Every structure is written in structure tokens, then in C-alpha cells.
$ cat work.cif   # mmCIF, C-alpha atoms and all ligand atoms
data_run
loop_
_atom_site.group_PDB
_atom_site.id
_atom_site.type_symbol
_atom_site.label_atom_id
_atom_site.label_comp_id
_atom_site.auth_asym_id
_atom_site.auth_seq_id
_atom_site.Cartn_x
_atom_site.Cartn_y
_atom_site.Cartn_z
ATOM 1 C CA MET I 880 0.000 0.000 0.000
ATOM 2 C CA PRO I 881 1.457 3.451 -0.880
ATOM 3 C CA HIS I 882 2.688 5.569 2.062
ATOM 4 C CA LYS I 883 0.072 8.066 3.271
ATOM 5 C CA SER I 884 2.219 10.985 2.024
ATOM 6 C CA VAL I 885 1.006 10.126 -1.471
ATOM 7 C CA HIS I 886 -2.482 11.308 -0.508
ATOM 8 C CA SER I 887 -1.502 14.538 1.244
ATOM 9 C CA ARG I 888 -2.241 17.640 -0.763
ATOM 10 C CA ARG I 889 -2.730 21.389 -0.509
ATOM 11 C CA GLY I 890 -6.353 22.479 -0.350
ATOM 12 C CA LEU I 891 -7.813 24.209 -3.397
ATOM 13 C CA MET I 892 -9.326 27.664 -3.349
ATOM 14 C CA LEU I 893 -12.174 27.170 -5.765
ATOM 15 C CA VAL I 894 -13.483 30.528 -6.934
ATOM 16 C CA MET I 895 -16.888 30.726 -8.630
ATOM 17 C CA SER I 896 -17.914 33.972 -10.348
ATOM 18 C CA SER I 897 -20.665 34.874 -12.790
ATOM 19 C CA PRO I 898 -23.175 37.536 -13.606
ATOM 20 C CA SER I 899 -26.006 37.448 -11.066
ATOM 21 C CA GLY I 900 -28.408 34.575 -11.800
ATOM 22 C CA ALA I 901 -26.103 32.381 -13.927
ATOM 23 C CA GLY I 902 -26.207 29.624 -11.297
ATOM 24 C CA LYS I 903 -23.044 29.709 -9.183
ATOM 25 C CA THR I 904 -24.899 29.393 -5.857
ATOM 26 C CA THR I 905 -26.871 26.394 -7.164
ATOM 27 C CA LEU I 906 -23.706 24.645 -8.388
ATOM 28 C CA THR I 907 -21.803 25.491 -5.218
ATOM 29 C CA ARG I 908 -24.531 24.067 -2.964
ATOM 30 C CA ARG I 909 -24.595 20.825 -4.914
ATOM 31 C CA LEU I 910 -20.861 20.403 -4.661
ATOM 32 C CA LEU I 911 -20.973 21.052 -0.911
ATOM 33 C CA GLU I 912 -23.671 18.400 -0.457
ATOM 34 C CA ASP I 913 -21.791 15.814 -2.527
ATOM 35 C CA ASP I 914 -18.213 16.345 -1.486
ATOM 36 C CA LYS I 915 -17.308 16.447 2.180
ATOM 37 C CA ASP I 916 -13.756 17.609 1.405
ATOM 38 C CA VAL I 917 -15.143 20.952 0.243
ATOM 39 C CA VAL I 918 -16.166 23.685 2.650
ATOM 40 C CA MET I 919 -17.851 26.989 1.902
ATOM 41 C CA SER I 920 -16.270 30.338 2.550
ATOM 42 C CA VAL I 921 -19.165 32.225 4.155
ATOM 43 C CA SER I 922 -18.868 35.894 3.238
ATOM 44 C CA ALA I 923 -19.771 38.906 5.315
ATOM 45 C CA THR I 924 -22.155 41.369 3.688
ATOM 46 C CA THR I 925 -24.015 44.571 4.423
ATOM 47 C CA ARG I 926 -26.871 43.469 2.132
ATOM 48 C CA PRO I 927 -30.112 42.550 3.924
ATOM 49 C CA PRO I 928 -30.979 38.818 3.994
ATOM 50 C CA ARG I 929 -33.258 37.405 1.297
ATOM 51 C CA PRO I 930 -36.246 35.353 2.424
ATOM 52 C CA GLY I 931 -34.945 32.023 3.728
ATOM 53 C CA GLU I 932 -31.294 33.093 4.008
ATOM 54 C CA VAL I 933 -29.691 32.156 7.312
ATOM 55 C CA ASP I 934 -27.093 34.251 9.147
ATOM 56 C CA GLY I 935 -23.821 32.325 9.444
ATOM 57 C CA LYS I 936 -24.811 29.860 6.728
ATOM 58 C CA ASP I 937 -25.551 31.918 3.601
ATOM 59 C CA TYR I 938 -23.745 35.039 4.784
ATOM 60 C CA TYR I 939 -22.746 36.854 7.931
ATOM 61 C CA PHE I 940 -25.163 39.768 7.709
ATOM 62 C CA VAL I 941 -23.397 42.712 9.319
ATOM 63 C CA SER I 942 -23.864 46.467 9.661
ATOM 64 C CA PRO I 943 -21.695 48.841 7.576
ATOM 65 C CA GLU I 944 -19.890 49.804 10.831
ATOM 66 C CA ARG I 945 -19.070 46.176 11.653
ATOM 67 C CA PHE I 946 -17.908 45.609 8.071
ATOM 68 C CA ASN I 947 -15.548 48.605 8.278
ATOM 69 C CA GLU I 948 -14.185 47.257 11.558
ATOM 70 C CA MET I 949 -13.417 43.925 9.879
ATOM 71 C CA VAL I 950 -11.560 45.750 7.102
ATOM 72 C CA GLU I 951 -9.588 47.897 9.543
ATOM 73 C CA ASN I 952 -8.582 44.877 11.641
ATOM 74 C CA ASP I 953 -7.408 42.999 8.530
ATOM 75 C CA ARG I 954 -10.024 40.275 9.121
ATOM 76 C CA LEU I 955 -10.953 40.001 5.419
ATOM 77 C CA LEU I 956 -8.951 38.218 2.722
ATOM 78 C CA GLU I 957 -10.633 40.380 0.083
ATOM 79 C CA TYR I 958 -13.619 42.704 -0.093
ATOM 80 C CA ALA I 959 -15.556 44.715 -2.660
ATOM 81 C CA THR I 960 -18.676 46.757 -3.234
ATOM 82 C CA VAL I 961 -21.088 44.838 -5.465
ATOM 83 C CA PHE I 962 -24.522 46.130 -6.521
ATOM 84 C CA GLY I 963 -24.265 48.878 -3.900
ATOM 85 C CA ASN I 964 -23.516 46.576 -0.931
ATOM 86 C CA LYS I 965 -20.229 45.518 0.672
ATOM 87 C CA TYR I 966 -19.111 41.893 0.587
ATOM 88 C CA GLY I 967 -15.951 40.329 1.975
ATOM 89 C CA THR I 968 -14.288 36.997 2.752
ATOM 90 C CA PRO I 969 -13.408 36.383 6.427
ATOM 91 C CA ARG I 970 -9.749 35.382 6.525
ATOM 92 C CA GLU I 971 -9.501 33.008 9.486
ATOM 93 C CA PRO I 972 -11.931 30.206 8.491
ATOM 94 C CA VAL I 973 -10.308 29.985 5.048
ATOM 95 C CA GLU I 974 -6.778 29.771 6.408
ATOM 96 C CA GLN I 975 -7.871 27.175 8.976
ATOM 97 C CA ALA I 976 -9.635 24.982 6.365
ATOM 98 C CA LEU I 977 -6.663 25.094 3.961
ATOM 99 C CA LEU I 978 -4.345 24.152 6.799
ATOM 100 C CA TRP I 979 -6.452 21.044 7.400
ATOM 101 C CA GLY I 980 -6.177 20.129 3.690
ATOM 102 C CA ARG I 981 -9.810 20.928 2.896
ATOM 103 C CA ASP I 982 -10.865 22.637 -0.322
ATOM 104 C CA VAL I 983 -12.613 25.967 0.078
ATOM 105 C CA ILE I 984 -15.225 27.225 -2.374
ATOM 106 C CA PHE I 985 -15.857 30.952 -2.818
ATOM 107 C CA ASP I 986 -18.877 32.611 -4.421
ATOM 108 C CA ILE I 987 -17.308 36.012 -5.076
ATOM 109 C CA ASP I 988 -17.169 38.575 -7.869
ATOM 110 C CA TRP I 989 -14.322 39.436 -10.246
ATOM 111 C CA GLN I 990 -12.952 42.174 -7.960
ATOM 112 C CA GLY I 991 -12.511 39.699 -5.114
ATOM 113 C CA THR I 992 -10.964 37.165 -7.479
ATOM 114 C CA GLN I 993 -8.414 39.739 -8.632
ATOM 115 C CA GLN I 994 -7.515 40.527 -5.010
ATOM 116 C CA LEU I 995 -7.019 36.843 -4.178
ATOM 117 C CA MET I 996 -4.824 36.502 -7.281
ATOM 118 C CA SER I 997 -2.542 39.287 -6.152
ATOM 119 C CA SER I 998 -2.169 37.831 -2.646
ATOM 120 C CA SER I 999 0.207 35.062 -1.592
ATOM 121 C CA LYS I 1000 -2.598 32.540 -2.150
ATOM 122 C CA ALA I 1001 -2.487 32.754 -5.958
ATOM 123 C CA ILE I 1002 -1.022 29.261 -6.466
ATOM 124 C CA ASP I 1003 -3.927 27.678 -4.603
ATOM 125 C CA LEU I 1004 -6.588 29.333 -6.774
ATOM 126 C CA VAL I 1005 -8.776 27.593 -9.331
ATOM 127 C CA ARG I 1006 -10.978 30.217 -10.974
ATOM 128 C CA ILE I 1007 -14.226 29.184 -12.625
ATOM 129 C CA PHE I 1008 -16.522 31.559 -14.494
ATOM 130 C CA ILE I 1009 -20.146 30.596 -15.098
ATOM 131 C CA LEU I 1010 -21.941 32.033 -18.131
ATOM 132 C CA PRO I 1011 -25.668 31.819 -18.840
ATOM 133 C CA PRO I 1012 -26.723 30.294 -22.180
ATOM 134 C CA SER I 1013 -28.355 33.654 -23.070
ATOM 135 C CA ILE I 1014 -29.146 37.037 -21.558
ATOM 136 C CA ALA I 1015 -32.876 36.227 -21.756
ATOM 137 C CA SER I 1016 -32.355 33.100 -19.619
ATOM 138 C CA LEU I 1017 -30.356 35.123 -17.095
ATOM 139 C CA GLU I 1018 -33.273 37.473 -16.617
ATOM 140 C CA SER I 1019 -35.860 34.702 -16.465
ATOM 141 C CA ARG I 1020 -33.761 32.834 -13.848
ATOM 142 C CA LEU I 1021 -33.561 35.926 -11.657
ATOM 143 C CA LYS I 1022 -37.310 36.423 -11.981
ATOM 144 C CA LYS I 1023 -38.081 32.752 -11.326
ATOM 145 C CA ARG I 1024 -35.833 32.759 -8.253
ATOM 146 C CA GLY I 1025 -38.430 35.176 -6.901
ATOM 147 C CA GLN I 1026 -36.239 36.631 -4.169
ATOM 148 C CA ASP I 1027 -35.405 40.083 -5.477
ATOM 149 C CA SER I 1028 -37.551 43.103 -6.297
ATOM 150 C CA GLU I 1029 -38.035 44.131 -9.937
ATOM 151 C CA GLU I 1030 -35.762 47.097 -9.277
ATOM 152 C CA THR I 1031 -32.998 44.871 -7.887
ATOM 153 C CA ILE I 1032 -33.309 42.513 -10.855
ATOM 154 C CA ALA I 1033 -33.125 45.432 -13.301
ATOM 155 C CA GLY I 1034 -29.989 46.699 -11.484
ATOM 156 C CA ARG I 1035 -28.331 43.288 -11.689
ATOM 157 C CA MET I 1036 -29.239 42.860 -15.360
ATOM 158 C CA ALA I 1037 -27.757 46.288 -16.078
ATOM 159 C CA LYS I 1038 -24.448 45.085 -14.563
ATOM 160 C CA ALA I 1039 -24.447 41.701 -16.341
ATOM 161 C CA GLU I 1040 -22.427 42.908 -19.319
ATOM 162 C CA SER I 1041 -19.637 44.390 -17.217
ATOM 163 C CA GLU I 1042 -19.514 41.216 -15.062
ATOM 164 C CA ILE I 1043 -19.351 39.007 -18.164
ATOM 165 C CA SER I 1044 -16.500 41.102 -19.572
ATOM 166 C CA HIS I 1045 -14.199 39.517 -16.942
ATOM 167 C CA TRP I 1046 -14.690 35.942 -18.166
ATOM 168 C CA ALA I 1047 -11.195 35.740 -19.700
ATOM 169 C CA GLU I 1048 -9.553 36.285 -16.282
ATOM 170 C CA TYR I 1049 -10.642 32.787 -15.208
ATOM 171 C CA ASP I 1050 -9.038 29.346 -15.643
ATOM 172 C CA TYR I 1051 -12.273 27.598 -16.654
ATOM 173 C CA VAL I 1052 -15.452 28.874 -18.283
ATOM 174 C CA LEU I 1053 -18.689 26.880 -18.082
ATOM 175 C CA VAL I 1054 -21.896 27.710 -19.926
ATOM 176 C CA ASN I 1055 -24.633 26.694 -17.512
ATOM 177 C CA ASP I 1056 -27.367 25.576 -19.878
ATOM 178 C CA ASP I 1057 -28.207 22.078 -18.674
ATOM 179 C CA LEU I 1058 -27.601 22.045 -14.910
ATOM 180 C CA GLU I 1059 -26.707 18.335 -14.754
ATOM 181 C CA GLU I 1060 -24.085 18.713 -17.489
ATOM 182 C CA THR I 1061 -22.573 21.832 -15.945
ATOM 183 C CA TYR I 1062 -22.413 20.160 -12.558
ATOM 184 C CA ALA I 1063 -20.679 17.106 -14.031
ATOM 185 C CA ASP I 1064 -18.125 19.445 -15.653
ATOM 186 C CA LEU I 1065 -17.550 21.243 -12.366
ATOM 187 C CA LYS I 1066 -16.891 17.947 -10.588
ATOM 188 C CA ALA I 1067 -14.456 16.916 -13.334
ATOM 189 C CA ILE I 1068 -12.522 20.175 -12.902
ATOM 190 C CA VAL I 1069 -12.272 19.718 -9.131
ATOM 191 C CA ARG I 1070 -11.170 16.111 -9.508
ATOM 192 C CA ALA I 1071 -8.435 16.955 -12.018
ATOM 193 C CA GLU I 1072 -7.174 19.987 -10.117
ATOM 194 C CA ARG I 1073 -6.644 17.866 -6.998
ATOM 195 C CA TYR I 1074 -4.073 15.820 -8.914
ATOM 196 C CA ARG I 1075 -1.904 18.738 -10.012
ATOM 197 C CA ARG I 1076 1.718 18.067 -9.135
ATOM 198 C CA GLU I 1077 2.259 21.350 -7.296
ATOM 199 C CA ARG I 1078 -0.636 20.564 -4.934
ATOM 200 C CA ARG I 1079 0.865 17.244 -3.821
ATOM 201 C CA PRO I 1080 3.605 17.999 -1.314
ATOM 202 C CA GLY I 1081 3.888 14.354 -0.252
ATOM 203 C CA MET I 1082 4.708 13.123 -3.739
ATOM 204 C CA SER I 1083 8.481 13.778 -3.525
ATOM 205 C CA GLU I 1084 8.669 11.628 -0.392
ATOM 206 C CA PHE I 1085 6.635 8.912 -2.078
ATOM 207 C CA VAL I 1086 8.885 8.935 -5.162
ATOM 208 C CA ARG I 1087 12.003 8.838 -2.936
ATOM 209 C CA GLY I 1088 10.473 5.748 -1.317
ATOM 210 C CA LEU I 1089 10.042 4.128 -4.746
ATOM 211 C CA MET I 1090 13.699 4.865 -5.563
ATOM 212 C CA ASP I 1091 14.870 3.443 -2.229
ATOM 213 C CA GLU I 1092 12.782 0.333 -2.788
ATOM 214 C CA ARG I 1093 14.262 -0.117 -6.232
ATOM 215 C CA ALA I 1094 17.823 0.324 -4.908
ATOM 216 C CA ASN I 1095 17.167 -2.157 -2.060
ATOM 217 C CA ARG I 1096 15.821 -4.759 -4.443
ATOM 218 C CA GLU I 1097 18.855 -4.353 -6.657
ATOM 219 C CA ALA I 1098 21.170 -4.790 -3.677
ATOM 220 C CA GLU I 1099 19.468 -8.048 -2.631
HETATM 221 N N1 LIG C 1101 -28.924 25.329 -15.543
HETATM 222 C C1 LIG C 1101 -29.991 25.947 -15.028
HETATM 223 N N2 LIG C 1101 -31.163 25.917 -15.694
HETATM 224 C C2 LIG C 1101 -32.258 26.544 -15.187
HETATM 225 N N3 LIG C 1101 -32.288 27.241 -14.019
HETATM 226 C C3 LIG C 1101 -31.139 27.302 -13.332
HETATM 227 C C4 LIG C 1101 -29.931 26.667 -13.786
HETATM 228 N N4 LIG C 1101 -28.961 26.902 -12.882
HETATM 229 C C5 LIG C 1101 -29.516 27.646 -11.902
HETATM 230 N N5 LIG C 1101 -30.825 27.878 -12.156
HETATM 231 C C6 LIG C 1101 -31.782 28.685 -11.365
HETATM 232 O O1 LIG C 1101 -31.496 30.050 -11.630
HETATM 233 C C7 LIG C 1101 -31.685 30.834 -10.440
HETATM 234 C C8 LIG C 1101 -30.396 31.625 -10.157
HETATM 235 O O2 LIG C 1101 -29.400 30.702 -9.750
HETATM 236 P P1 LIG C 1101 -28.363 31.043 -8.567
HETATM 237 O O3 LIG C 1101 -29.073 31.655 -7.402
HETATM 238 O O4 LIG C 1101 -27.573 29.812 -8.349
HETATM 239 O O5 LIG C 1101 -27.495 32.159 -9.324
HETATM 240 P P2 LIG C 1101 -26.225 32.987 -8.831
HETATM 241 O O6 LIG C 1101 -25.276 33.039 -9.946
HETATM 242 O O7 LIG C 1101 -25.721 32.437 -7.551
HETATM 243 O O8 LIG C 1101 -26.854 34.428 -8.585
HETATM 244 P P3 LIG C 1101 -26.414 35.601 -7.526
HETATM 245 O O9 LIG C 1101 -25.097 36.109 -7.954
HETATM 246 O O10 LIG C 1101 -27.517 36.613 -7.686
HETATM 247 O O11 LIG C 1101 -26.394 35.007 -6.143
HETATM 248 C C9 LIG C 1101 -32.087 29.882 -9.331
HETATM 249 O O12 LIG C 1101 -33.491 29.940 -9.163
HETATM 250 C C10 LIG C 1101 -31.645 28.511 -9.854
HETATM 251 O O13 LIG C 1101 -32.476 27.482 -9.383
HETATM 252 N N1 LIG C 1102 -15.769 40.225 -3.771
HETATM 253 C C1 LIG C 1102 -16.747 39.533 -3.163
HETATM 254 N N2 LIG C 1102 -17.924 39.312 -3.800
HETATM 255 C C2 LIG C 1102 -18.858 38.591 -3.164
HETATM 256 C C3 LIG C 1102 -18.656 38.088 -1.865
HETATM 257 N N3 LIG C 1102 -19.779 37.409 -1.499
HETATM 258 C C4 LIG C 1102 -20.624 37.486 -2.535
HETATM 259 N N4 LIG C 1102 -20.081 38.192 -3.549
HETATM 260 C C5 LIG C 1102 -20.661 38.503 -4.859
HETATM 261 O O1 LIG C 1102 -21.671 39.485 -4.730
HETATM 262 C C6 LIG C 1102 -22.613 39.324 -5.783
HETATM 263 C C7 LIG C 1102 -24.006 39.402 -5.240
HETATM 264 O O2 LIG C 1102 -24.278 38.341 -4.369
HETATM 265 P P1 LIG C 1102 -25.772 38.118 -3.817
HETATM 266 O O3 LIG C 1102 -25.694 37.014 -2.827
HETATM 267 O O4 LIG C 1102 -26.213 39.415 -3.226
HETATM 268 O O5 LIG C 1102 -26.611 37.730 -5.013
HETATM 269 C C8 LIG C 1102 -22.317 37.976 -6.443
HETATM 270 O O6 LIG C 1102 -21.606 38.254 -7.653
HETATM 271 C C9 LIG C 1102 -21.404 37.318 -5.465
HETATM 272 O O7 LIG C 1102 -20.496 36.427 -6.094
HETATM 273 C C10 LIG C 1102 -17.411 38.336 -1.228
HETATM 274 O O8 LIG C 1102 -17.138 37.922 -0.087
HETATM 275 N N5 LIG C 1102 -16.502 39.062 -1.905
#

$ encode --input "work.cif" --output "C-alpha cells"
Amino acid sequence: MPHKSVHSRRGLMLVMSSPSGAGKTTLTRRLLEDDKDVVMSVSATTRPPRPGEVDGKDYYFVSPERFNEMVENDRLLEYATVFGNKYGTPREPVEQALLWGRDVIFDIDWQGTQQLMSSSKAIDLVRIFILPPSIASLESRLKKRGQDSEETIAGRMAKAESEISHWAEYDYVLVNDDLEETYADLKAIVRAERYRRERRPGMSEFVRGLMDERANREAE
């Protein structure tokens, strides 16, 4: 049986971005249900909760004053203003999860992704951009979701083009037409990324073991 070092690996930072309504939350939730090695980075936000959203699970819903405090105390890995509200990634839970070799998934916008890229964490990042099959479907998904006012939906649709313009800054681009197909593609990406050589710190030790074994056999 191979030594356990062969299985040790650095956790991934799996970043999901898209225009609002393309489906990143849906895909993220499915992955979290299916794969116990993946944990969610729960963001802090000044936006009010949507019906059914739970504090501490979907977001940490905080006041603008509390958010500013988090920024000043360097408690956020990245933060940005999106659709008029502030959003940010609490630093400590992410660092803790990566230390334990878990993968962390982030539902953040392009500004946050750029900030993570310019930090020391860049080598751990896997950036995935989700596109809708059409602009009409984006709008109908936001309407069908039924959680935002018409005004909010109009605001998000108005920003869709500028969000989409960042697609080329990502490692992978998925067009979320058929949900089952997109989800299968997402799982394939995660599976492959876990095998990247630079994420497998135990591999050198394992290979040294193979060499030693070969030398020992030759000596016998
Ligand atoms: N492939 C799909 N086909 C049809 N509907 C979909 C598909 N993927 C997601 N949806 C639906 O579209 C709506 C928007 O999806 P979701 O909330 O995941 O988007 P989002 O990108 O996270 O948006 P936001 O940035 O506003 O949080 C949801 O009601 C979801 O069920
Ligand atoms: N830069 C960051 N962007 C974030 C974070 N959490 C969420 N988001 C992005 O905001 C919009 C709107 O989200 P919604 O829940 O109000 O629909 C969406 O693009 C998210 O990806 C964050 O911590 N940092």
C-alpha cells in the first residue's frame, strides 16, 4: 500500500464567479452536499438577507460599521462593493480549512478574485466563471428565483455585461445551460485539479520511497 504521504495535498481555493443569476450558488450548494472535502467560505455582507437566508450559513449579515471594523482589523482576505452593498471573505476560516487540507469554495465577484490573485494565495486558486446560455435566460432565472424586487433585478441585469467582460480572467469557463451537465463538468474540474503536481507535497517523499525500494531490491 502506498505511504500516506502520497495522498496529502494542498487544499484548493475554488473561486466561482458569474453575472447574477447564472447559477453559481446552485452549483456550489450541490458540490458542498456531494463532497465532504469541500467547505464553503461564508462571506460577510451589508446586504439585507433574502427570504430564507440564514445568518452564518448563507452570509454573515453585518452592519456597515461592523464591516468597516473587519476591514480595519485585517479580518478580510478580500472585499468589494457589489450592486451597492459591501461583501468580503473572512480570513480566518479559510486559512484554517486550507491548513487542514480541505478545499474551500468561494462565491465572489471578479474584484474579489483579482484581489485573491494578487495575494500570496495565488497558487492555490482555481478560478471558474459561469456564463448563462443567453441574456434572456439570465433574466428569467432571476425572476423565477423570486427573491429580489423588480428594481434589484433590473440593477443586476444592467451590470451583467460588465460582469461578463471579466470571463477571460478565469481558468475555466462553463456555460450553464443544462444544470446536470454543468455540474458534471464542475466535478471533473475539481477532480483533475486535486491531482496537479504542485498541490501534492507528499509526492516527492513517495517517489524517494520508490527509488529506495528499487535500490534495495537491486542490492538483494
Ligand atoms: N442550468 C440551469 N437551468 C435553469 N435554471 C437554473 C440553472 N442553474 C440555476 N438555475 C436557477 O437560476 C436561479 C439563479 O441561480 P443562482 O441563485 O444559483 O445564481 P447565482 O449566480 O448564484 O446568482 P447571484 O449572484 O444573484 O447570487 C435559481 O433559481 C436557480 O435554481
Ligand atoms: N468580492 C466579493 N464578492 C462577493 C462576496 N460574497 C458574494 N459576492 C458577490 O456578490 C454578488 C451578489 O451576491 P448576492 O448574494 O447578493 O446575489 C455575487 O456576484 C457574489 O459572487 C465576497 O465575499 N466578496

$ residues_around --input "work.cif" --residues "I:Gly890" --least-positions-apart "4" --cutoff "10 Å" --atoms "only C-alpha atoms" --output "MDAnalysis selection string"
chainID I and resid 916:917 974 976:983 1003:1004 1073 1078:1079

$ axis_aligned_box --input "work.cif" --around "stretch 885-903 of chain I" --padding-each-side "6 Å" --output "JSON"
{"center_x": -13.7, "center_y": 23.8, "center_z": -6.3, "size_x": 41.4, "size_y": 39.4, "size_z": 27.2}

$ atom_distance --input "work.cif" --atom1 "atom CA of I:Ser1044" --atom2 "atom CA of I:Ser1013"
14.4 Å

$ atom_distance --input "work.cif" --atom1 "atom CA of I:Ser1016" --atom2 "atom C2 of ligand LIG 1101 (chain C)"
7.9 Å

$ residues_around --input "work.cif" --residues "I:Gly900" --least-positions-apart "5" --cutoff "12 Å" --atoms "only C-alpha atoms" --output "VMD selection string"
chain I and resid 905 to 906 1009 to 1027 1031 to 1033 1035 to 1036 1038 to 1039 1042 to 1043 1055

$ resolve_selection --input "work.cif" --expression "the PyMOL selection byres (((not hetatm)) within 7 of (chain C and resi 1102))" --output "PyMOL selection string"
chain I and resi 896-899+922-924+926+957-959+961-962+966-968+986-992

$ atom_distance --input "work.cif" --atom1 "atom CA of I:Asp914" --atom2 "atom O7 of ligand LIG 1101 (chain C)"
18.8 Å

$ residues_around --input "work.cif" --residues "stretch 938-954 of chain I" --least-positions-apart "3" --cutoff "8 Å" --atoms "all atoms listed in the file" --output "count of residues only"
16

$ closest_residue --input "work.cif" --among "I:Val1086, I:Met892, I:Arg909, I:Ser887" --to "I:Tyr1062" --atoms "all atoms listed in the file"
I:Arg909

$ closest_residue --input "work.cif" --among "I:Leu893, I:Ile1002, I:Val1054, I:Leu995" --to "ligand LIG 1101 (chain C)" --atoms "only C-alpha atoms and all ligand atoms"
I:Val1054

$ resolve_selection --input "work.cif" --expression "the PyMOL selection byres (((chain I and resi 1076) around 12) and not hetatm)" --output "MDAnalysis selection string"
chainID I and resid 885:889 1002 1071:1075 1077:1083

$ closest_residue --input "work.cif" --among "I:Leu955, I:Ile1007, I:Leu1058, I:Met895" --to "ligand LIG 1101 (chain C)" --atoms "all atoms listed in the file"
I:Leu1058

$ closest_residue --input "work.cif" --among "I:Trp1046, I:Phe1008, I:Phe1085, I:Tyr1051" --to "ligand LIG 1101 (chain C)" --atoms "only C-alpha atoms and all ligand atoms"
I:Phe1008

$ resolve_selection --input "work.cif" --expression "the PyMOL selection byres (((chain I and resi 1065) around 10) and not hetatm)" --output "PyMOL selection string"
chain I and resi 906-907+910+1007+1051-1053+1059-1064+1066-1070

$ closest_residue --input "work.cif" --among "I:Leu956, I:Phe985, I:Asp1056, I:Ala1001" --to "ligand LIG 1101 (chain C)" --atoms "only C-alpha atoms and all ligand atoms"
I:Asp1056

$ closest_residue --input "work.cif" --among "I:Val894, I:Arg1096, I:Asp937, I:Glu1029" --to "I:Gln994" --atoms "all atoms listed in the file"
I:Val894

$ build_atoms --input "work.cif" --residues "stretch 944-958 of chain I" --atoms "N, CA and C atoms" --output "short mmCIF file (atom, residue, chain, number, x, y, z; two decimals), keeping the file's coordinate frame"
data_model
loop_
_atom_site.label_atom_id
_atom_site.label_comp_id
_atom_site.auth_asym_id
_atom_site.auth_seq_id
_atom_site.Cartn_x
_atom_site.Cartn_y
_atom_site.Cartn_z
N GLU I 944 -20.93 49.49 9.82
CA GLU I 944 -19.89 49.80 10.83
C GLU I 944 -19.07 48.55 11.15
N ARG I 945 -19.77 47.45 11.33
CA ARG I 945 -19.07 46.18 11.65
C ARG I 945 -18.17 45.77 10.48
N PHE I 946 -18.70 45.98 9.25
CA PHE I 946 -17.91 45.61 8.07
C PHE I 946 -16.61 46.43 8.05
N ASN I 947 -16.75 47.74 8.29
CA ASN I 947 -15.55 48.60 8.28
C ASN I 947 -14.54 48.17 9.33
N GLU I 948 -15.06 47.74 10.48
CA GLU I 948 -14.18 47.26 11.56
C GLU I 948 -13.38 46.04 11.08
N MET I 949 -14.09 45.14 10.38
CA MET I 949 -13.42 43.92 9.88
C MET I 949 -12.31 44.31 8.91
N VAL I 950 -12.58 45.30 8.06
CA VAL I 950 -11.56 45.75 7.10
C VAL I 950 -10.36 46.33 7.86
N GLU I 951 -10.68 47.22 8.81
CA GLU I 951 -9.59 47.90 9.54
C GLU I 951 -8.72 46.92 10.33
N ASN I 952 -9.35 45.86 10.85
CA ASN I 952 -8.58 44.88 11.64
C ASN I 952 -7.99 43.77 10.77
N ASP I 953 -8.00 43.97 9.47
CA ASP I 953 -7.41 43.00 8.53
C ASP I 953 -8.03 41.60 8.66
N ARG I 954 -9.34 41.56 8.93
CA ARG I 954 -10.02 40.28 9.12
C ARG I 954 -10.56 39.72 7.81
N LEU I 955 -10.41 40.47 6.70
CA LEU I 955 -10.95 40.00 5.42
C LEU I 955 -9.82 39.72 4.43
N LEU I 956 -9.95 38.59 3.74
CA LEU I 956 -8.95 38.22 2.72
C LEU I 956 -9.09 39.11 1.50
N GLU I 957 -10.33 39.47 1.21
CA GLU I 957 -10.63 40.38 0.08
C GLU I 957 -11.99 40.99 0.38
N TYR I 958 -12.29 42.11 -0.24
CA TYR I 958 -13.62 42.70 -0.09
C TYR I 958 -13.89 43.64 -1.27
#
